[in-house]
Amino acid sequence: MAALTMNPKAEMVERFLDFAARGDKEKVTSMISNSSFLINQSGEKGWTALMLAARNGHFEVVKTLLAKGCDTSPVNKSEQTAYDIARFWGHKHIATLLCRGQDGDPHRVLPDMHSDGENLYFNHEFLDRLSERRTDSTWLAAKQRAPDTVFLLFYSLNPLVTSEPLKEDGRGDCSYQLSRLRRPSVEPLLGHPNTTLIFLGVEKPRTCAPNTAMDDGEDDGLTAWFALSTEEDPTELVKFPDPQCAFLQAPMPGLLKLSDNEAGVVAQARAVLAWHSRYSFCPTCGSGTRVDDGGHKRTCLREGCRSLRGIHNTCYPRVDPVAIMLVIHPEGNQCLLGRKKVFPAGMFSCLAGFIEPGETVEEGVRREVWEESGVRVGPVRYVTSQPWPMPSSLMIGCHAVALTTAINVDENEIEEARWFTRQQVIDATVKAKHAVFSLPPRQAIAHYLIKHWIGMQANL
Ligand SMILES: NC(=O)c1ccc[n+]([C@@H]2O[C@H](COP(=O)([O-])OP(=O)(O)OC[C@H]3O[C@@H](n4cnc5c(N)ncnc54)[C@H](O)[C@@H]3O)[C@@H](O)[C@H]2O)c1
Ligand SMILES: [Mg+2]
Ligand SMILES: [Mg+2]
Ligand SMILES: [Mg+2]
Ligand SMILES: [Zn+2]
C-alpha cells in the first residue's frame with residue numbers, strides 16, 4: 001500500500017496525538033516545550049490530545065496538558081468535550097479533574113455536582129431582578145418614564161414578537177425576537193384598568209451601586225425592563241414599532257424559538273403574568289386585590305382579611321415544582337423513556353410529574369415513575385433544574401436507578417414506555433434519520449438529562 005504523504009507539521013501533530021493517546025507523559029511534555037502550538041491541535045474526527053488522553057484514562061497526561069494551559073472547551077465531531085469523553089468511558093477521576101477548571105472555579109469545591117445545566121434554555125438570567133427596588137415606587141415611576149426603558153407586551157400571555165432572529169446571542173434556530181417597546185408606544189395602556197405591569201429588572205452588568213438613591217431627573221444609568229399584559233386585544237391602543245410585529249399565536253412552539261437571553265426574560269415574565277391572570281381576587285376571602293411590589297405581590301383590599309396577617313404565600317407568584325427523571329436500568333446500559341399521545345410521532349421523553357405536598361423530590365420521582373410506568377426506583381440524584389413557564393413550573397431534573405424492569409404503563413397519561421439502549425440513544429442524538437425514536441427538542445430539560453447520561457455535551 002502506498003504510504004500517505006503528510007506535510008511535516010501534520011506529521012508532528014499526528015505523533016503528538018499518538019503520544020497523548022498512549023499516555024507517554026515525557027514525550028507529550030517535551031513536544032509541547034519545543035512546539036507550544038501543538039497543545040490544542042486536533043486530528044481525525046476533531047480529537048485533541050486532551051480528548052485522547054481522557055478517552056484512554058491517562059490521568060498524568062491530562063494533568064500535564066491542563067498545567068500547560070490546554071483548552072478544555074473544544075468538541076469532537078460527536079459534540080463531546082474531553083470532560084464528556086472521560087465521563088462516557090467511566091474515568092471519573094479524570095472527569096473530576098477536567099470539570100475542576102481553574103483555581104478560581106467554584107466547581108472545584110463540589111466536583112461531582114458539576115453540570116452545565118446553567119446554560120439550558122429558559123435558564124439565562126439576562127436581567128438583574130434588583131428585587132430591592134420593587135418597593136421603591138418613586139424609582140419605579142421614574143424608570144417607567146425613562147426614554148431607554150424597555151416594555152414587553154403580552155396579550156393572553158403571548159408576547160409581541162418580530163419574526164427576525166436576534167443576532168447578538170441567538171443560536172441558529174432562534175426565529176423570533178421580543179418587540180422591545182418604548183414608553184410612547186405603550187402610553188395608552190399604562191394605567192388602563194385591564195392591564196398589569198410588572199418590573200422585571202435591569203440589564204446587567206450593574207453600572208452603579210444598587211442602593212444609590214436617584215433624585216428627580218437624575219439618571220442612574222440602569223436600563224429597566226417591564227412586562228405589560230392585557231387580556232383584551234391591544235392592537236388599537238398600541239403603536240407597533242414595525243409592521244412585522246405580531247403576538248405569538250400559541251405558546252408552543254413559538255416560545256422555544258427565542259434567543260437564550262430573551263427566553264430567560266420570558267421565563268420570568270410569563271410565570272408572574274399567568275399568576276396575575278389567575279389570582280385577580282383574594283384566594284382567602286374573594287375580595288378585590290391591589291398590585292404591589294412592582295407586580296410581585298397582590299394585597300387583599302378587605303380590611304381584616306386573614307391574608308393581611310402574617311405571611312401568606314397566596315399573595316406572591318406561585319411556582320409549581322415538577323420532578324422530571326431519566327430512569328436508568330439496574331445494569332446501567334438502558335434508560336426508560338415514555339411518550340404521551342400528544343407527542344409528535346416517534347418522540348420519546350423522560351417521565352415527569354408534579355411534586356405533591358409533603359413529598360421530597362426523591363419521593364416524588366419514585367411515586368411518579370411507579371404511577372406512570374410500574375417501575376420501582378431506588379437511588380435518585382439531582383442533576384439540574386429549569387423554569388418551564390407553561391405556565392409556572394420548575395422542572396427539577398434527576399437521574400434515578402430502577403430496581404425493577406417490568407413496565408406497566410398508566411394509559412391515562414402515557415401511551416407507551418420502553419427501555420432504550422445507550423446505543424439507541426446515541427443514534428437518536430447523532431444519526432437522527434436512522435434512529436428508532438426521536439428526542440425531545442434541545443430546549444427541554446428532558447433532552448439535557450438524556451444527553452448528560454450518555455456523557456455528551458448536552459447543549460450542542
Ligand atoms: N421541560 C421538559 O422537558 C418537560 C418534560 C415533561 C413535562 N414537562 C412539564 O411538566 C409538567 C408536569 O408533567 P405531567 O403533566 O406529566 O405531570 P403529572 O404526571 O403529575 O400529571 C399531570 C396531572 O397531574 C395533576 N396535577 C397535580 N398537581 C398539579 C399542578 N400543580 N398543576 C397542574 N396539574 C396538576 C393534573 O391532574 C394533571 O393532569 C407539565 O406541565 C409539562 O409541561 C416539561
Ligand atoms: Mg407525568
Ligand atoms: Mg404522573
Ligand atoms: Mg402527578
Ligand atoms: Zn382577602
# chains A, B, ... in the order shown; residues from 1 in each chain; ligands from 1

call {"tool": "residues_near_ligand", "arguments": {"ligand": "ligand 2", "cutoff": "12 Å", "atoms": "only C-alpha atoms and all ligand atoms", "output": "MDAnalysis selection string"}}
result
chainID A and resid 322:325 337:341 349:355 364:365 367:373 395 409:415 417

call {"tool": "select_by_dssp", "arguments": {"residues": "range 86-298 of chain A", "states": "helix (DSSP H, G or I)", "output": "VMD selection string"}}
result
chain A and resid 86 to 88 92 to 100 106 to 108 111 to 113 117 to 119 131 to 133 137 to 145 183 to 189 254 to 256 260 to 278 293 to 295

call {"tool": "residues_near_ligand", "arguments": {"ligand": "ligand 5", "cutoff": "12 Å", "atoms": "only C-alpha atoms and all ligand atoms", "output": "JSON, numbers by chain"}}
result
{"A": [279, 280, 281, 282, 283, 284, 285, 286, 287, 288, 289, 290, 298, 299, 300, 301, 302, 303, 304, 305, 306, 307, 308, 309, 312, 314, 315]}

call {"tool": "closest_residue", "arguments": {"among": "A:Phe437, A:Phe151, A:Trp388, A:Tyr382", "to": "ligand 1", "atoms": "only C-alpha atoms and all ligand atoms"}}
result
A:Trp388

call {"tool": "select_by_dssp", "arguments": {"residues": "range 197-436 of chain A", "states": "strand (DSSP E or B)", "output": "PyMOL selection string"}}
result
chain A and resi 197-203+224-230+246-247+281+288-292+297-300+320-328+334-339+347+349+351-354+377-388+393-402+416-421

call {"tool": "atom_distance", "arguments": {"atom1": "CA of Leu130 in chain A", "atom2": "CA of Gly294 in chain A"}}
result
10.8 Å

call {"tool": "residues_around", "arguments": {"residues": "Gln80 in chain A", "least_positions_apart": "4", "cutoff": "12 Å", "atoms": "only C-alpha atoms", "output": "VMD selection string"}}
result
chain A and resid 45 to 48 50 to 52 54 to 55 72 to 76 84 to 89 426 429 to 430 451 to 452 454 to 460

call {"tool": "atom_distance", "arguments": {"atom1": "CA of Asn34 in chain A", "atom2": "CA of Lys63 in chain A"}}
result
18.6 Å

call {"tool": "decode", "arguments": {"residues": "range 212-260 of chain A", "atoms": "N, CA and C atoms", "output": "PDB file, in the first residue's frame"}}
result
ATOM      1  N   THR A 212     -28.069  53.242  45.407  1.00  0.00           N
ATOM      2  CA  THR A 212     -27.890  54.679  45.192  1.00  0.00           C
ATOM      3  C   THR A 212     -29.258  55.325  44.980  1.00  0.00           C
ATOM      4  N   ALA A 213     -29.573  56.300  45.833  1.00  0.00           N
ATOM      5  CA  ALA A 213     -30.870  56.969  45.673  1.00  0.00           C
ATOM      6  C   ALA A 213     -30.817  57.830  44.424  1.00  0.00           C
ATOM      7  N   MET A 214     -31.937  57.917  43.711  1.00  0.00           N
ATOM      8  CA  MET A 214     -31.951  58.710  42.483  1.00  0.00           C
ATOM      9  C   MET A 214     -32.833  59.927  42.706  1.00  0.00           C
ATOM     10  N   ASP A 215     -32.238  61.092  42.626  1.00  0.00           N
ATOM     11  CA  ASP A 215     -33.043  62.306  42.760  1.00  0.00           C
ATOM     12  C   ASP A 215     -33.859  62.470  41.491  1.00  0.00           C
ATOM     13  N   ASP A 216     -34.911  63.283  41.622  1.00  0.00           N
ATOM     14  CA  ASP A 216     -35.756  63.528  40.455  1.00  0.00           C
ATOM     15  C   ASP A 216     -34.919  64.006  39.279  1.00  0.00           C
ATOM     16  N   GLY A 217     -35.079  63.394  38.152  1.00  0.00           N
ATOM     17  CA  GLY A 217     -34.368  63.850  36.960  1.00  0.00           C
ATOM     18  C   GLY A 217     -32.973  63.272  36.813  1.00  0.00           C
ATOM     19  N   GLU A 218     -32.436  62.692  37.897  1.00  0.00           N
ATOM     20  CA  GLU A 218     -31.074  62.141  37.799  1.00  0.00           C
ATOM     21  C   GLU A 218     -31.162  60.699  37.320  1.00  0.00           C
ATOM     22  N   ASP A 219     -30.307  60.349  36.357  1.00  0.00           N
ATOM     23  CA  ASP A 219     -30.365  59.008  35.789  1.00  0.00           C
ATOM     24  C   ASP A 219     -29.276  58.134  36.408  1.00  0.00           C
ATOM     25  N   ASP A 220     -29.620  56.916  36.851  1.00  0.00           N
ATOM     26  CA  ASP A 220     -28.614  56.028  37.442  1.00  0.00           C
ATOM     27  C   ASP A 220     -27.970  55.142  36.379  1.00  0.00           C
ATOM     28  N   GLY A 221     -28.329  55.308  35.125  1.00  0.00           N
ATOM     29  CA  GLY A 221     -27.673  54.569  34.038  1.00  0.00           C
ATOM     30  C   GLY A 221     -28.175  53.145  33.865  1.00  0.00           C
ATOM     31  N   LEU A 222     -29.154  52.733  34.645  1.00  0.00           N
ATOM     32  CA  LEU A 222     -29.642  51.349  34.551  1.00  0.00           C
ATOM     33  C   LEU A 222     -30.826  51.291  33.587  1.00  0.00           C
ATOM     34  N   THR A 223     -30.779  50.351  32.650  1.00  0.00           N
ATOM     35  CA  THR A 223     -31.898  50.202  31.714  1.00  0.00           C
ATOM     36  C   THR A 223     -32.902  49.205  32.286  1.00  0.00           C
ATOM     37  N   ALA A 224     -34.083  49.710  32.606  1.00  0.00           N
ATOM     38  CA  ALA A 224     -35.101  48.853  33.238  1.00  0.00           C
ATOM     39  C   ALA A 224     -35.963  48.171  32.190  1.00  0.00           C
ATOM     40  N   TRP A 225     -36.453  46.977  32.546  1.00  0.00           N
ATOM     41  CA  TRP A 225     -37.386  46.239  31.695  1.00  0.00           C
ATOM     42  C   TRP A 225     -38.677  45.985  32.471  1.00  0.00           C
ATOM     43  N   PHE A 226     -39.802  46.207  31.804  1.00  0.00           N
ATOM     44  CA  PHE A 226     -41.122  45.919  32.383  1.00  0.00           C
ATOM     45  C   PHE A 226     -41.879  44.990  31.438  1.00  0.00           C
ATOM     46  N   ALA A 227     -42.791  44.224  31.999  1.00  0.00           N
ATOM     47  CA  ALA A 227     -43.719  43.456  31.155  1.00  0.00           C
ATOM     48  C   ALA A 227     -45.113  44.031  31.373  1.00  0.00           C
ATOM     49  N   LEU A 228     -45.820  44.216  30.295  1.00  0.00           N
ATOM     50  CA  LEU A 228     -47.144  44.809  30.326  1.00  0.00           C
ATOM     51  C   LEU A 228     -48.090  43.777  29.728  1.00  0.00           C
ATOM     52  N   SER A 229     -49.173  43.490  30.452  1.00  0.00           N
ATOM     53  CA  SER A 229     -50.021  42.401  29.972  1.00  0.00           C
ATOM     54  C   SER A 229     -51.482  42.816  29.912  1.00  0.00           C
ATOM     55  N   THR A 230     -52.163  42.313  28.916  1.00  0.00           N
ATOM     56  CA  THR A 230     -53.582  42.601  28.791  1.00  0.00           C
ATOM     57  C   THR A 230     -54.318  41.354  28.309  1.00  0.00           C
ATOM     58  N   GLU A 231     -55.576  41.236  28.733  1.00  0.00           N
ATOM     59  CA  GLU A 231     -56.399  40.106  28.281  1.00  0.00           C
ATOM     60  C   GLU A 231     -57.298  40.538  27.124  1.00  0.00           C
ATOM     61  N   GLU A 232     -57.245  41.843  26.792  1.00  0.00           N
ATOM     62  CA  GLU A 232     -58.055  42.335  25.659  1.00  0.00           C
ATOM     63  C   GLU A 232     -57.119  42.713  24.524  1.00  0.00           C
ATOM     64  N   ASP A 233     -57.565  42.513  23.311  1.00  0.00           N
ATOM     65  CA  ASP A 233     -56.715  42.786  22.152  1.00  0.00           C
ATOM     66  C   ASP A 233     -56.252  44.259  22.168  1.00  0.00           C
ATOM     67  N   PRO A 234     -54.944  44.498  22.320  1.00  0.00           N
ATOM     68  CA  PRO A 234     -54.462  45.885  22.446  1.00  0.00           C
ATOM     69  C   PRO A 234     -54.083  46.527  21.120  1.00  0.00           C
ATOM     70  N   THR A 235     -54.370  45.847  20.005  1.00  0.00           N
ATOM     71  CA  THR A 235     -53.889  46.309  18.693  1.00  0.00           C
ATOM     72  C   THR A 235     -54.292  47.769  18.410  1.00  0.00           C
ATOM     73  N   GLU A 236     -55.508  48.143  18.841  1.00  0.00           N
ATOM     74  CA  GLU A 236     -55.976  49.502  18.542  1.00  0.00           C
ATOM     75  C   GLU A 236     -55.248  50.551  19.386  1.00  0.00           C
ATOM     76  N   LEU A 237     -54.827  50.142  20.596  1.00  0.00           N
ATOM     77  CA  LEU A 237     -54.265  51.114  21.536  1.00  0.00           C
ATOM     78  C   LEU A 237     -52.767  51.341  21.395  1.00  0.00           C
ATOM     79  N   VAL A 238     -52.062  50.303  20.940  1.00  0.00           N
ATOM     80  CA  VAL A 238     -50.596  50.360  20.948  1.00  0.00           C
ATOM     81  C   VAL A 238     -50.053  50.737  19.580  1.00  0.00           C
ATOM     82  N   LYS A 239     -48.984  51.578  19.613  1.00  0.00           N
ATOM     83  CA  LYS A 239     -48.319  51.913  18.341  1.00  0.00           C
ATOM     84  C   LYS A 239     -47.210  50.894  18.135  1.00  0.00           C
ATOM     85  N   PHE A 240     -47.408  49.963  17.225  1.00  0.00           N
ATOM     86  CA  PHE A 240     -46.386  48.950  16.977  1.00  0.00           C
ATOM     87  C   PHE A 240     -45.202  49.577  16.241  1.00  0.00           C
ATOM     88  N   PRO A 241     -43.978  49.264  16.683  1.00  0.00           N
ATOM     89  CA  PRO A 241     -42.802  49.910  16.075  1.00  0.00           C
ATOM     90  C   PRO A 241     -42.583  49.524  14.617  1.00  0.00           C
ATOM     91  N   ASP A 242     -42.997  48.334  14.226  1.00  0.00           N
ATOM     92  CA  ASP A 242     -42.878  47.992  12.805  1.00  0.00           C
ATOM     93  C   ASP A 242     -43.979  47.011  12.411  1.00  0.00           C
ATOM     94  N   PRO A 243     -44.307  46.969  11.106  1.00  0.00           N
ATOM     95  CA  PRO A 243     -45.465  46.164  10.686  1.00  0.00           C
ATOM     96  C   PRO A 243     -45.255  44.657  10.828  1.00  0.00           C
ATOM     97  N   GLN A 244     -44.004  44.242  11.067  1.00  0.00           N
ATOM     98  CA  GLN A 244     -43.719  42.800  11.219  1.00  0.00           C
ATOM     99  C   GLN A 244     -44.155  42.257  12.581  1.00  0.00           C
ATOM    100  N   CYS A 245     -44.465  43.153  13.534  1.00  0.00           N
ATOM    101  CA  CYS A 245     -44.793  42.705  14.895  1.00  0.00           C
ATOM    102  C   CYS A 245     -46.101  41.918  14.923  1.00  0.00           C
ATOM    103  N   ALA A 246     -46.112  40.870  15.748  1.00  0.00           N
ATOM    104  CA  ALA A 246     -47.367  40.125  15.958  1.00  0.00           C
ATOM    105  C   ALA A 246     -47.259  39.385  17.282  1.00  0.00           C
ATOM    106  N   PHE A 247     -48.402  39.124  17.891  1.00  0.00           N
ATOM    107  CA  PHE A 247     -48.391  38.305  19.103  1.00  0.00           C
ATOM    108  C   PHE A 247     -48.235  36.852  18.684  1.00  0.00           C
ATOM    109  N   LEU A 248     -47.461  36.097  19.451  1.00  0.00           N
ATOM    110  CA  LEU A 248     -47.387  34.654  19.171  1.00  0.00           C
ATOM    111  C   LEU A 248     -48.805  34.099  19.248  1.00  0.00           C
ATOM    112  N   GLN A 249     -49.128  33.203  18.364  1.00  0.00           N
ATOM    113  CA  GLN A 249     -50.492  32.661  18.335  1.00  0.00           C
ATOM    114  C   GLN A 249     -50.733  31.663  19.461  1.00  0.00           C
ATOM    115  N   ALA A 250     -49.678  30.928  19.826  1.00  0.00           N
ATOM    116  CA  ALA A 250     -49.774  29.936  20.897  1.00  0.00           C
ATOM    117  C   ALA A 250     -48.407  29.865  21.545  1.00  0.00           C
ATOM    118  N   PRO A 251     -48.361  29.481  22.823  1.00  0.00           N
ATOM    119  CA  PRO A 251     -47.031  29.460  23.457  1.00  0.00           C
ATOM    120  C   PRO A 251     -46.064  28.486  22.784  1.00  0.00           C
ATOM    121  N   MET A 252     -46.582  27.323  22.363  1.00  0.00           N
ATOM    122  CA  MET A 252     -45.699  26.331  21.746  1.00  0.00           C
ATOM    123  C   MET A 252     -46.000  26.205  20.262  1.00  0.00           C
ATOM    124  N   PRO A 253     -44.983  26.107  19.431  1.00  0.00           N
ATOM    125  CA  PRO A 253     -43.564  26.064  19.785  1.00  0.00           C
ATOM    126  C   PRO A 253     -42.887  27.426  19.815  1.00  0.00           C
ATOM    127  N   GLY A 254     -43.666  28.523  19.619  1.00  0.00           N
ATOM    128  CA  GLY A 254     -43.055  29.848  19.471  1.00  0.00           C
ATOM    129  C   GLY A 254     -42.115  30.224  20.611  1.00  0.00           C
ATOM    130  N   LEU A 255     -42.511  29.905  21.856  1.00  0.00           N
ATOM    131  CA  LEU A 255     -41.678  30.316  22.989  1.00  0.00           C
ATOM    132  C   LEU A 255     -40.329  29.602  23.018  1.00  0.00           C
ATOM    133  N   LEU A 256     -40.196  28.552  22.221  1.00  0.00           N
ATOM    134  CA  LEU A 256     -38.907  27.844  22.168  1.00  0.00           C
ATOM    135  C   LEU A 256     -38.018  28.371  21.047  1.00  0.00           C
ATOM    136  N   LYS A 257     -38.459  29.456  20.399  1.00  0.00           N
ATOM    137  CA  LYS A 257     -37.696  29.963  19.248  1.00  0.00           C
ATOM    138  C   LYS A 257     -37.143  31.356  19.492  1.00  0.00           C
ATOM    139  N   LEU A 258     -36.881  31.673  20.751  1.00  0.00           N
ATOM    140  CA  LEU A 258     -36.290  32.967  21.085  1.00  0.00           C
ATOM    141  C   LEU A 258     -34.792  32.786  21.280  1.00  0.00           C
ATOM    142  N   SER A 259     -34.084  33.904  21.376  1.00  0.00           N
ATOM    143  CA  SER A 259     -32.666  33.792  21.742  1.00  0.00           C
ATOM    144  C   SER A 259     -32.613  33.340  23.203  1.00  0.00           C
ATOM    145  N   ASP A 260     -31.474  32.806  23.631  1.00  0.00           N
ATOM    146  CA  ASP A 260     -31.373  32.307  25.001  1.00  0.00           C
ATOM    147  C   ASP A 260     -31.626  33.412  26.031  1.00  0.00           C
TER     148      ASP A 260
END
